[in-house]
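*Asks:* What follows is the file data.tsv, containing TSV, C-alpha atoms:
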```
chain	number	residue	atom	x	y	z
R	1	MET	CA	5.80	-1.27	6.17
R	2	CYS	CA	8.79	-1.28	3.80
R	3	GLN	CA	11.67	-3.39	5.08
R	4	TYR	CA	14.33	-2.53	2.46
R	5	SER	CA	15.80	-5.95	3.16
R	6	CYS	CA	16.44	-7.59	-0.21
R	7	GLU	CA	20.16	-7.50	0.37
R	8	ASN	CA	21.09	-8.75	-3.10
R	9	LYS	CA	19.09	-5.88	-4.63
R	10	ASP	CA	17.13	-8.36	-6.73
R	11	GLY	CA	13.67	-7.93	-5.21
R	12	MET	CA	13.73	-11.43	-3.73
R	13	PRO	CA	12.04	-11.88	-0.33
R	14	SER	CA	14.12	-13.80	2.21
R	15	SER	CA	13.95	-15.44	5.62
R	16	TRP	CA	13.66	-11.92	7.07
R	17	HIS	CA	10.30	-11.53	5.36
R	18	VAL	CA	9.07	-14.93	6.55
R	19	VAL	CA	9.89	-14.14	10.18
R	20	HIS	CA	8.82	-10.49	10.06
R	21	LEU	CA	5.46	-11.11	8.41
R	22	GLY	CA	4.89	-14.51	9.97
R	23	SER	CA	5.17	-13.08	13.46
R	24	ARG	CA	2.28	-10.72	12.72
R	25	ALA	CA	0.13	-13.71	11.79
R	26	VAL	CA	1.14	-15.47	15.00
R	27	GLY	CA	0.26	-12.22	16.76
R	28	GLY	CA	-3.37	-12.46	15.74
R	29	ALA	CA	-3.74	-10.10	12.77
R	30	GLY	CA	-6.75	-10.93	10.62
R	31	LEU	CA	-4.85	-9.86	7.51
R	32	VAL	CA	-1.10	-9.52	7.08
R	33	MET	CA	-0.06	-7.24	4.25
R	34	CYS	CA	3.38	-7.49	2.73
R	35	GLU	CA	5.31	-4.31	2.15
R	36	ALA	CA	5.13	-2.13	-0.97
R	37	THR	CA	6.24	-4.65	-3.59
R	38	ALA	CA	7.44	-3.30	-6.91
R	39	VAL	CA	5.65	-4.29	-10.11
R	40	SER	CA	8.76	-3.44	-12.14
R	41	PRO	CA	12.46	-2.92	-11.34
R	42	GLU	CA	12.27	0.84	-11.88
R	43	GLY	CA	9.26	0.97	-9.55
R	44	ARG	CA	11.34	0.29	-6.44
R	45	ILE	CA	11.74	3.06	-3.89
R	46	SER	CA	15.25	1.77	-3.23
R	47	PRO	CA	17.50	-0.95	-4.67
R	48	TRP	CA	16.70	-3.00	-1.55
R	49	ASP	CA	12.93	-3.12	-2.14
R	50	ALA	CA	10.92	-6.30	-2.58
R	51	GLY	CA	9.51	-7.09	-5.99
R	52	ILE	CA	7.17	-9.34	-7.88
R	53	TRP	CA	8.10	-8.53	-11.47
R	54	ASN	CA	9.30	-12.08	-12.24
R	55	ASP	CA	8.29	-15.65	-11.50
R	56	GLU	CA	11.33	-16.34	-9.29
R	57	GLN	CA	10.20	-13.64	-6.88
R	58	ALA	CA	6.66	-15.02	-6.88
R	59	HIS	CA	8.00	-18.45	-5.99
R	60	ALA	CA	10.04	-17.00	-3.13
R	61	TRP	CA	6.95	-15.25	-1.71
R	62	ARG	CA	5.28	-18.65	-1.28
R	63	ALA	CA	7.23	-19.34	1.92
R	64	VAL	CA	5.74	-16.14	3.34
R	65	THR	CA	2.15	-16.70	2.27
R	66	GLU	CA	2.13	-20.32	3.40
R	67	PHE	CA	3.31	-19.43	6.91
R	68	ILE	CA	0.83	-16.56	7.22
R	69	LYS	CA	-2.09	-18.75	6.22
R	70	GLU	CA	-0.97	-21.68	8.36
R	71	HIS	CA	-1.50	-19.39	11.34
R	72	GLY	CA	-4.99	-18.25	10.46
R	73	SER	CA	-4.41	-14.92	8.73
R	74	LEU	CA	-5.14	-13.81	5.20
R	75	ALA	CA	-2.07	-12.97	3.13
R	76	ALA	CA	-2.19	-9.65	1.28
R	77	ILE	CA	0.32	-7.95	-0.97
R	78	GLN	CA	0.65	-4.22	-1.57
R	79	LEU	CA	1.57	-3.78	-5.22
R	80	ALA	CA	3.48	-0.56	-5.78
R	81	HIS	CA	5.40	1.65	-8.17
R	82	ALA	CA	7.38	4.56	-6.72
R	83	GLY	CA	7.36	6.65	-9.89
R	84	ARG	CA	9.48	9.77	-9.44
R	85	LYS	CA	10.26	8.78	-5.82
R	86	ALA	CA	12.28	5.76	-7.00
R	87	SER	CA	16.02	5.03	-6.82
R	88	ASN	CA	16.70	6.37	-3.33
R	89	TYR	CA	18.87	5.06	-0.52
R	90	ARG	CA	17.38	3.23	2.42
R	91	SER	CA	17.93	5.30	5.55
R	92	TRP	CA	20.78	3.23	6.99
R	93	SER	CA	22.77	3.05	3.75
R	94	GLY	CA	22.83	6.67	2.62
R	95	GLN	CA	20.75	9.74	1.93
R	96	GLY	CA	18.91	10.97	-1.15
R	97	ALA	CA	19.08	9.59	-4.64
R	98	VAL	CA	21.16	6.61	-5.71
R	99	SER	CA	22.95	7.79	-8.85
R	100	ILE	CA	23.02	5.66	-11.98
R	101	ALA	CA	26.78	5.31	-11.49
R	102	ASP	CA	26.16	3.80	-8.05
R	103	GLY	CA	23.50	1.35	-9.17
R	104	GLY	CA	20.48	3.63	-9.33
R	105	TRP	CA	18.28	4.32	-12.33
R	106	GLU	CA	16.19	6.93	-14.11
R	107	PRO	CA	12.72	7.00	-12.54
R	108	VAL	CA	9.54	7.24	-14.62
R	109	SER	CA	6.51	9.36	-13.85
R	110	SER	CA	3.47	11.21	-15.08
R	111	THR	CA	5.77	14.22	-15.15
R	112	SER	CA	9.38	15.13	-15.86
R	113	GLU	CA	9.56	17.23	-12.68
R	114	ALA	CA	11.78	15.63	-10.04
R	115	PHE	CA	10.86	15.04	-6.42
R	116	PRO	CA	13.31	16.97	-4.19
R	117	GLU	CA	16.72	15.28	-3.86
R	118	SER	CA	15.67	12.54	-6.28
R	119	ASN	CA	16.75	11.64	-9.79
R	120	THR	CA	14.96	13.47	-12.61
R	121	PRO	CA	12.22	11.23	-14.02
R	122	HIS	CA	11.38	10.34	-17.59
R	123	GLU	CA	7.82	11.38	-18.40
R	124	LEU	CA	6.03	8.27	-19.63
R	125	THR	CA	4.66	8.35	-23.16
R	126	THR	CA	1.08	7.23	-23.70
R	127	GLU	CA	2.32	3.87	-25.01
R	128	GLU	CA	4.59	3.48	-21.98
R	129	VAL	CA	1.67	4.21	-19.65
R	130	TYR	CA	-0.24	1.29	-21.16
R	131	ALA	CA	2.83	-0.94	-20.80
R	132	SER	CA	3.05	0.10	-17.14
R	133	ILE	CA	-0.60	-0.86	-16.60
R	134	GLN	CA	0.25	-4.32	-17.90
R	135	ASP	CA	3.09	-4.55	-15.36
R	136	TRP	CA	0.52	-4.16	-12.57
R	137	VAL	CA	-1.75	-6.79	-14.08
R	138	ASP	CA	1.11	-9.26	-14.54
R	139	ALA	CA	2.25	-8.64	-10.96
R	140	ALA	CA	-1.27	-9.36	-9.71
R	141	LYS	CA	-1.32	-12.67	-11.58
R	142	ARG	CA	2.02	-13.62	-10.02
R	143	SER	CA	0.66	-12.61	-6.61
R	144	ILE	CA	-2.16	-15.12	-6.89
R	145	ASN	CA	0.31	-17.79	-8.01
R	146	ALA	CA	2.42	-16.89	-4.96
R	147	GLY	CA	-0.51	-17.65	-2.66
R	148	PHE	CA	-1.75	-14.18	-1.79
R	149	ASP	CA	-5.45	-13.90	-0.93
R	150	VAL	CA	-5.82	-10.12	-1.23
R	151	ILE	CA	-4.27	-7.48	-3.48
R	152	GLU	CA	-3.80	-3.83	-2.58
R	153	ILE	CA	-2.97	-1.18	-5.17
R	154	HIS	CA	-0.77	1.53	-3.65
R	155	ALA	CA	-2.20	4.78	-4.99
R	156	ALA	CA	-0.98	6.94	-2.09
R	157	HIS	CA	2.03	8.73	-0.62
R	158	GLY	CA	3.23	10.44	-3.77
R	159	TYR	CA	4.04	7.25	-5.65
R	160	LEU	CA	3.26	6.71	-9.32
R	161	VAL	CA	-0.52	6.24	-9.22
R	162	HIS	CA	-0.83	9.25	-6.91
R	163	GLN	CA	1.38	11.22	-9.32
R	164	PHE	CA	-1.22	10.59	-12.02
R	165	LEU	CA	-4.15	11.44	-9.73
R	166	SER	CA	-2.91	14.81	-8.52
R	167	PRO	CA	-3.07	17.93	-10.71
R	168	ILE	CA	0.19	19.05	-9.07
R	169	THR	CA	2.13	16.25	-10.78
R	170	ASN	CA	-0.13	15.59	-13.73
R	171	GLN	CA	-0.17	18.33	-16.33
R	172	ARG	CA	-0.42	15.85	-19.19
R	173	THR	CA	-2.36	16.61	-22.35
R	174	ASP	CA	-2.96	13.02	-23.46
R	175	GLU	CA	-5.79	10.70	-22.40
R	176	PHE	CA	-4.20	10.31	-18.93
R	177	GLY	CA	-4.28	14.02	-18.04
R	178	GLY	CA	-6.72	16.88	-17.69
R	179	SER	CA	-10.02	16.26	-15.88
R	180	LEU	CA	-10.17	14.23	-12.67
R	181	GLU	CA	-11.58	11.24	-14.53
R	182	LYS	CA	-8.75	11.38	-17.07
R	183	ARG	CA	-6.15	11.69	-14.29
R	184	ALA	CA	-7.79	8.68	-12.66
R	185	LYS	CA	-7.66	6.62	-15.87
R	186	TYR	CA	-4.27	5.07	-15.03
R	187	LEU	CA	-5.65	3.76	-11.74
R	188	LEU	CA	-8.98	2.71	-13.24
R	189	GLU	CA	-7.26	0.72	-15.98
R	190	ILE	CA	-5.10	-0.99	-13.35
R	191	VAL	CA	-8.12	-1.94	-11.24
R	192	LYS	CA	-10.06	-3.10	-14.30
R	193	GLY	CA	-7.12	-5.13	-15.58
R	194	ILE	CA	-6.41	-6.78	-12.24
R	195	ARG	CA	-10.06	-7.65	-11.71
R	196	ALA	CA	-10.21	-9.34	-15.12
R	197	ALA	CA	-6.97	-11.21	-14.42
R	198	VAL	CA	-7.70	-12.52	-10.90
R	199	GLY	CA	-11.45	-13.12	-11.13
R	200	GLU	CA	-14.25	-12.03	-8.84
R	201	GLY	CA	-13.17	-13.92	-5.72
R	202	VAL	CA	-10.03	-11.92	-4.89
R	203	PRO	CA	-10.55	-8.73	-2.86
R	204	ILE	CA	-8.90	-5.64	-4.36
R	205	ILE	CA	-8.01	-2.80	-2.00
R	206	VAL	CA	-7.01	0.67	-3.18
R	207	ARG	CA	-4.84	2.77	-0.88
R	208	PHE	CA	-5.36	6.50	-1.35
R	209	SER	CA	-3.80	9.66	-0.04
R	210	ALA	CA	-7.08	11.52	0.41
R	211	THR	CA	-5.42	14.94	0.30
R	212	ASP	CA	-2.19	16.60	-0.80
R	213	TYR	CA	-2.73	19.27	1.90
R	214	ARG	CA	-2.65	21.96	-0.79
R	215	GLU	CA	-5.64	23.69	-2.38
R	216	ASP	CA	-4.49	23.00	-5.93
R	217	GLY	CA	-3.89	19.31	-5.25
R	218	PHE	CA	-5.88	16.10	-4.80
R	219	THR	CA	-8.67	16.57	-2.26
R	220	VAL	CA	-10.94	14.45	-0.08
R	221	GLU	CA	-13.79	15.25	-2.46
R	222	ASN	CA	-11.67	14.12	-5.41
R	223	CYS	CA	-10.77	10.97	-3.54
R	224	ALA	CA	-14.41	10.09	-2.88
R	225	GLU	CA	-15.23	10.59	-6.56
R	226	VAL	CA	-12.32	8.42	-7.72
R	227	ALA	CA	-13.19	5.75	-5.16
R	228	LYS	CA	-16.70	5.54	-6.60
R	229	LEU	CA	-15.22	5.15	-10.08
R	230	CYS	CA	-12.97	2.38	-8.75
R	231	GLU	CA	-15.99	0.60	-7.28
R	232	GLY	CA	-17.50	0.57	-10.73
R	233	VAL	CA	-14.56	-1.33	-12.23
R	234	GLY	CA	-13.94	-3.86	-9.47
R	235	ALA	CA	-12.39	-2.37	-6.30
R	236	ASP	CA	-13.72	-3.79	-3.01
R	237	VAL	CA	-12.10	-1.84	-0.14
R	238	PHE	CA	-10.48	1.58	0.31
R	239	ASP	CA	-7.54	2.24	2.64
R	240	ILE	CA	-7.37	5.97	3.41
R	241	SER	CA	-4.08	7.69	4.19
R	242	SER	CA	-2.87	11.17	3.20
R	243	GLY	CA	0.04	13.28	1.96
R	244	GLY	CA	3.40	12.27	0.54
R	245	LEU	CA	3.21	13.91	-2.89
R	246	ILE	CA	5.06	17.13	-2.07
R	247	LEU	CA	7.13	18.67	0.68
R	248	GLY	CA	6.50	21.93	2.54
R	249	VAL	CA	2.88	21.34	3.53
R	250	LYS	CA	1.46	21.39	7.04
R	251	ILE	CA	0.08	18.02	8.11
R	252	PRO	CA	-2.01	18.03	11.32
R	253	PHE	CA	-0.40	15.01	12.95
R	254	GLY	CA	-2.17	13.69	16.03
R	255	PRO	CA	-3.98	10.58	17.28
R	256	GLY	CA	-6.29	9.29	14.55
R	257	TYR	CA	-5.70	12.40	12.43
R	258	GLN	CA	-6.69	10.63	9.20
R	259	VAL	CA	-9.86	9.02	10.56
R	260	PRO	CA	-12.18	11.95	9.63
R	261	MET	CA	-11.03	11.66	6.02
R	262	ALA	CA	-11.65	7.91	6.04
R	263	ASN	CA	-15.11	8.54	7.47
R	264	ASP	CA	-15.85	11.13	4.78
R	265	ILE	CA	-14.95	8.58	2.09
R	266	ALA	CA	-16.96	5.86	3.84
R	267	GLU	CA	-20.06	8.07	3.71
R	268	GLU	CA	-19.74	8.33	-0.07
R	269	VAL	CA	-19.00	4.74	-1.10
R	270	SER	CA	-20.76	1.44	-0.53
R	271	SER	CA	-17.52	-0.53	-0.05
R	272	PRO	CA	-15.79	-0.96	3.31
R	273	VAL	CA	-13.22	1.68	4.25
R	274	ALA	CA	-10.12	1.24	6.41
R	275	ALA	CA	-8.64	3.87	8.70
R	276	VAL	CA	-4.89	4.20	9.31
R	277	GLY	CA	-2.50	6.62	10.99
R	278	LEU	CA	-1.58	7.10	14.66
R	279	ILE	CA	-4.11	4.55	15.84
R	280	THR	CA	-2.15	3.18	18.78
R	281	ASP	CA	-4.59	2.14	21.49
R	282	SER	CA	-7.14	-0.68	21.57
R	283	LYS	CA	-9.90	1.50	23.02
R	284	GLN	CA	-9.18	4.17	20.41
R	285	ALA	CA	-9.45	1.58	17.63
R	286	GLU	CA	-12.71	0.19	19.00
R	287	GLU	CA	-14.19	3.68	19.38
R	288	ILE	CA	-13.44	4.41	15.71
R	289	LEU	CA	-15.27	1.24	14.67
R	290	GLN	CA	-18.25	2.01	16.91
R	291	THR	CA	-18.68	5.74	16.22
R	292	THR	CA	-17.80	6.17	12.52
R	293	ASP	CA	-18.63	4.52	9.22
R	294	VAL	CA	-15.11	3.06	9.09
R	295	GLU	CA	-15.22	-0.76	9.15
R	296	ILE	CA	-11.54	-1.75	9.25
R	297	ILE	CA	-8.51	-0.70	11.27
R	298	MET	CA	-5.06	-1.12	9.72
R	299	ILE	CA	-1.86	-0.66	11.72
R	300	GLY	CA	1.68	-0.09	10.51
R	301	ARG	CA	4.25	1.45	12.83
R	302	LEU	CA	2.33	0.11	15.82
R	303	SER	CA	2.82	-3.38	14.43
R	304	LEU	CA	6.57	-2.74	14.15
R	305	ARG	CA	6.60	-1.96	17.86
R	306	ASP	CA	4.37	-4.85	18.86
R	307	PRO	CA	3.79	-7.75	16.42
R	308	TYR	CA	1.27	-9.23	18.86
R	309	TRP	CA	-0.85	-6.12	19.28
R	310	PRO	CA	-4.10	-7.77	18.06
R	311	LEU	CA	-3.88	-10.35	20.84
R	312	ARG	CA	-2.98	-7.60	23.32
R	313	ALA	CA	-5.96	-5.53	22.15
R	314	ALA	CA	-8.34	-8.46	22.58
R	315	HIS	CA	-7.05	-9.00	26.12
R	316	GLU	CA	-7.35	-5.30	26.99
R	317	LEU	CA	-10.92	-5.15	25.63
R	318	GLY	CA	-11.93	-8.33	27.44
R	319	VAL	CA	-12.68	-10.20	24.23
R	320	GLU	CA	-12.12	-13.96	24.09
R	321	VAL	CA	-10.56	-15.06	20.82
R	322	ASP	CA	-10.07	-18.57	19.49
R	323	TYR	CA	-6.86	-18.08	17.53
R	324	TRP	CA	-4.21	-18.00	20.20
R	325	PRO	CA	-1.33	-20.20	19.03
R	326	ASN	CA	-1.15	-23.35	21.13
R	327	GLN	CA	2.43	-22.49	21.99
R	328	TYR	CA	1.27	-19.19	23.55
R	329	ILE	CA	-1.84	-20.34	25.44
R	330	ARG	CA	-0.04	-19.89	28.76
R	331	GLY	CA	0.08	-16.19	27.95
R	332	THR	CA	-3.69	-16.02	28.45
R	333	TYR	CA	-3.49	-17.11	32.07
R	334	PRO	CA	-3.32	-14.58	34.93
R	335	ALA	CA	0.23	-13.75	35.94
```
Can you give me the file's structure in the form of structure tokens?
*Replies:*
Amino acid sequence: MCQYSCENKDGMPSSWHVVHLGSRAVGGAGLVMCEATAVSPEGRISPWDAGIWNDEQAHAWRAVTEFIKEHGSLAAIQLAHAGRKASNYRSWSGQGAVSIADGGWEPVSSTSEAFPESNTPHELTTEEVYASIQDWVDAAKRSINAGFDVIEIHAAHGYLVHQFLSPITNQRTDEFGGSLEKRAKYLLEIVKGIRAAVGEGVPIIVRFSATDYREDGFTVENCAEVAKLCEGVGADVFDISSGGLILGVKIPFGPGYQVPMANDIAEEVSSPVAAVGLITDSKQAEEILQTTDVEIIMIGRLSLRDPYWPLRAAHELGVEVDYWPNQYIRGTYPA
């Protein structure tokens, strides 16, 4: 979950990130994933976003990854580029776009059409698309140097990769537009490049929005097809969310509302699939794992409310676990 807490607006993680993410490791999470971390300065959602576009940032992330791994969790990073949804205020500092005069910037995208209340983007040229792919690959290399065990590519929620995937925001006529496979080329080149850069031993997760909730947009069927293409070039796991590309659509929010989409994808691919979205109860999470083809549960907002939810879930399900921190062992005793 984005923290928007790089107060110097330089993308550098701080003690906030060590405590915030470290507490989730102490709380028993098997994998702790850092927030959407920009692969380039213009890829930030806000000026306060974390980044990994330079070596100084990578060095600063080491304090986070070392603490996470000291407490038994895997350290993951979610690499991201906001595309046309970049250069916006964090919620407690303002609303809408940060103008160039106030320290914002011109976003870049697959399109020149702006997201509502955002700065108008520059449509990337073909050459610039290839340069952007290299930004992802370089960020992945820095992530490994920073001590991360797992890399996730954020291809969801209306950010840049999703902007290329969806026909709503990709009307390009070059090699990155047209058919589904051409619209997926940006993502496929990123996966292929990262796999070559980090080797076979580093898991690569791709986070998708499985649907735009509009008939002329990206669909669950499209998502399954692209996921299979990603498997072919090195992706290992798929994290299935939805929406975020456009406003004005009806999203059927409710407990586990994205699980059926995750299950649909899981039936089509051989790689493990993760479910996310309004999974808030330990019995609900366990039921998903037992009754669907989904193999992983990821939590976001729930973890903001309760950093120790994995330990709570184990207790509620009557499962003995061997990773309670010594300092917290007394918490396992009856009251």
*Asks:* As an exercise, work out the distance from CA of Val191 (chain R) to CA of Val64 (chain R) in Å and give it to one decimal place.
*Replies:*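 That distance, rounded to one decimal, is 24.6 Å.
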*Asks:* I'd like the neighbourhood of region 162-176 of chain R as an MDAnalysis selection string, where a residue qualifies if any of its atoms comes within 8 Å (using all atoms listed in the file), though same-chain residues fewer than 3 positions away should be ignored.
*Replies:* chainID R and resid 83 109:111 113 126 155:159 180 182:186 208:209 212 216:218 245
*Asks:* Which of these, R:Ala313, R:Ala75, R:Val32, R:Ala82, has the shortest distance to Leu160 (chain R) once you count only C-alpha atoms?
*Replies:*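 When distances to Leu160 (chain R) are compared using only C-alpha atoms, the smallest one comes from R:Ala82.
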*Asks:* Pick from R:Leu304, R:Ile133, R:Cys223, R:Ala262: nearest to Leu289 (chain R), with all atoms listed in the file counted?
*Replies:*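 With all atoms listed in the file as the atom set, the closest residue is R:Ala262.
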*Asks:* Around (8.8, -10.9, -9.0) in the file's frame, which residues reach within 12 Å when counting only C-alpha atoms? Return as a PyMOL selection string?
*Replies:* chain R and resi 10-13+37-41+43-44+49-62+79+135-136+138-146
*Asks:* Do you have the CA of Val226 (chain R)-CA of Glu286 (chain R) distance handy?
*Replies:*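 Distance between the two atoms: 28.0 Å.
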*Asks:* For Gly103 (chain R), which of R:Glu66, R:Asp264, R:Glu42, R:Glu181 is the closest residue, counting all atoms listed in the file?
*Replies:*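 Result for the nearest residue to Gly103 (chain R): R:Glu42.
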*Asks:* Quick one: residues within 12 Å of Gly201 (chain R), all atoms listed in the file counted, chain neighbours fewer than 6 positions away excluded, as number ranges by chain?
*Replies:* R: 144, 149-151, 194-195, 234-236
*Asks:* Could you check the closest approach to Gly72 (chain R) for each of R:Val108, R:Pro252, R:Trp324, R:Lys283 and tell me which residue wins, using all atoms listed in the file?
*Replies:*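 Using all atoms listed in the file, Gly72 (chain R) sits closest to R:Trp324.
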*Asks:* Would you work out the distance separating CA of Ile299 (chain R) from CA of Asn8 (chain R), expressed in Å to one decimal?
*Replies:* 28.5 Å
*Asks:* For Glu117 (chain R), which residue among R:Ala76, R:Leu247, R:Val294, R:Glu200 is the nearest when counting only C-alpha atoms?
*Replies:*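 Of R:Ala76, R:Leu247, R:Val294, R:Glu200, the one nearest Glu117 (chain R) is R:Leu247, counting only C-alpha atoms.
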*Asks:* Which residue is closest to Leu188 (chain R)? Choose from R:Leu124, R:Cys230, R:Ala97, R:Met33 and count all atoms listed in the file.
*Replies:*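 With all atoms listed in the file as the atom set, the closest residue is R:Cys230.
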*Asks:* I want to know what sits within 12 Å of Glu267 (chain R), based on all atoms listed in the file, with residues of the same chain fewer than 3 positions away left out; could you give that as a PyMOL selection string?
*Replies:* chain R and resi 220-221+224-225+227-228+260-264+270-273+292-295
*Asks:* Got a minute to add N, CA and C atoms to region 63-77 of chain R and dump it as an mmCIF file, in the frame of the given file?
*Replies:*
```
data_model
loop_
_atom_site.group_PDB
_atom_site.id
_atom_site.type_symbol
_atom_site.label_atom_id
_atom_site.label_comp_id
_atom_site.auth_asym_id
_atom_site.auth_seq_id
_atom_site.Cartn_x
_atom_site.Cartn_y
_atom_site.Cartn_z
ATOM 1 N N ALA R 63 6.876 -18.991 0.538
ATOM 2 C CA ALA R 63 7.230 -19.340 1.920
ATOM 3 C C ALA R 63 6.561 -18.389 2.902
ATOM 4 N N VAL R 64 6.401 -17.139 2.491
ATOM 5 C CA VAL R 64 5.740 -16.140 3.340
ATOM 6 C C VAL R 64 4.245 -16.400 3.415
ATOM 7 N N THR R 65 3.608 -16.550 2.266
ATOM 8 C CA THR R 65 2.150 -16.700 2.270
ATOM 9 C C THR R 65 1.721 -17.997 2.951
ATOM 10 N N GLU R 66 2.489 -19.049 2.768
ATOM 11 C CA GLU R 66 2.130 -20.320 3.400
ATOM 12 C C GLU R 66 2.180 -20.215 4.913
ATOM 13 N N PHE R 67 3.210 -19.561 5.450
ATOM 14 C CA PHE R 67 3.310 -19.430 6.910
ATOM 15 C C PHE R 67 2.185 -18.559 7.440
ATOM 16 N N ILE R 68 1.905 -17.451 6.768
ATOM 17 C CA ILE R 68 0.830 -16.560 7.220
ATOM 18 C C ILE R 68 -0.484 -17.324 7.304
ATOM 19 N N LYS R 69 -0.796 -18.069 6.264
ATOM 20 C CA LYS R 69 -2.090 -18.750 6.220
ATOM 21 C C LYS R 69 -2.151 -19.956 7.149
ATOM 22 N N GLU R 70 -1.016 -20.586 7.387
ATOM 23 C CA GLU R 70 -0.970 -21.680 8.360
ATOM 24 C C GLU R 70 -1.380 -21.214 9.743
ATOM 25 N N HIS R 71 -1.200 -19.929 10.017
ATOM 26 C CA HIS R 71 -1.500 -19.390 11.340
ATOM 27 C C HIS R 71 -2.761 -18.538 11.362
ATOM 28 N N GLY R 72 -3.635 -18.774 10.379
ATOM 29 C CA GLY R 72 -4.990 -18.250 10.460
ATOM 30 C C GLY R 72 -5.231 -16.873 9.900
ATOM 31 N N SER R 73 -4.232 -16.247 9.313
ATOM 32 C CA SER R 73 -4.410 -14.920 8.730
ATOM 33 C C SER R 73 -4.578 -15.004 7.220
ATOM 34 N N LEU R 74 -5.151 -13.964 6.644
ATOM 35 C CA LEU R 74 -5.140 -13.810 5.200
ATOM 36 C C LEU R 74 -3.832 -13.148 4.792
ATOM 37 N N ALA R 75 -3.315 -13.539 3.644
ATOM 38 C CA ALA R 75 -2.070 -12.970 3.130
ATOM 39 C C ALA R 75 -2.399 -11.949 2.044
ATOM 40 N N ALA R 76 -1.962 -10.722 2.253
ATOM 41 C CA ALA R 76 -2.190 -9.650 1.280
ATOM 42 C C ALA R 76 -0.862 -9.114 0.794
ATOM 43 N N ILE R 77 -0.873 -8.583 -0.414
ATOM 44 C CA ILE R 77 0.320 -7.950 -0.970
ATOM 45 C C ILE R 77 -0.043 -6.535 -1.417
#
```
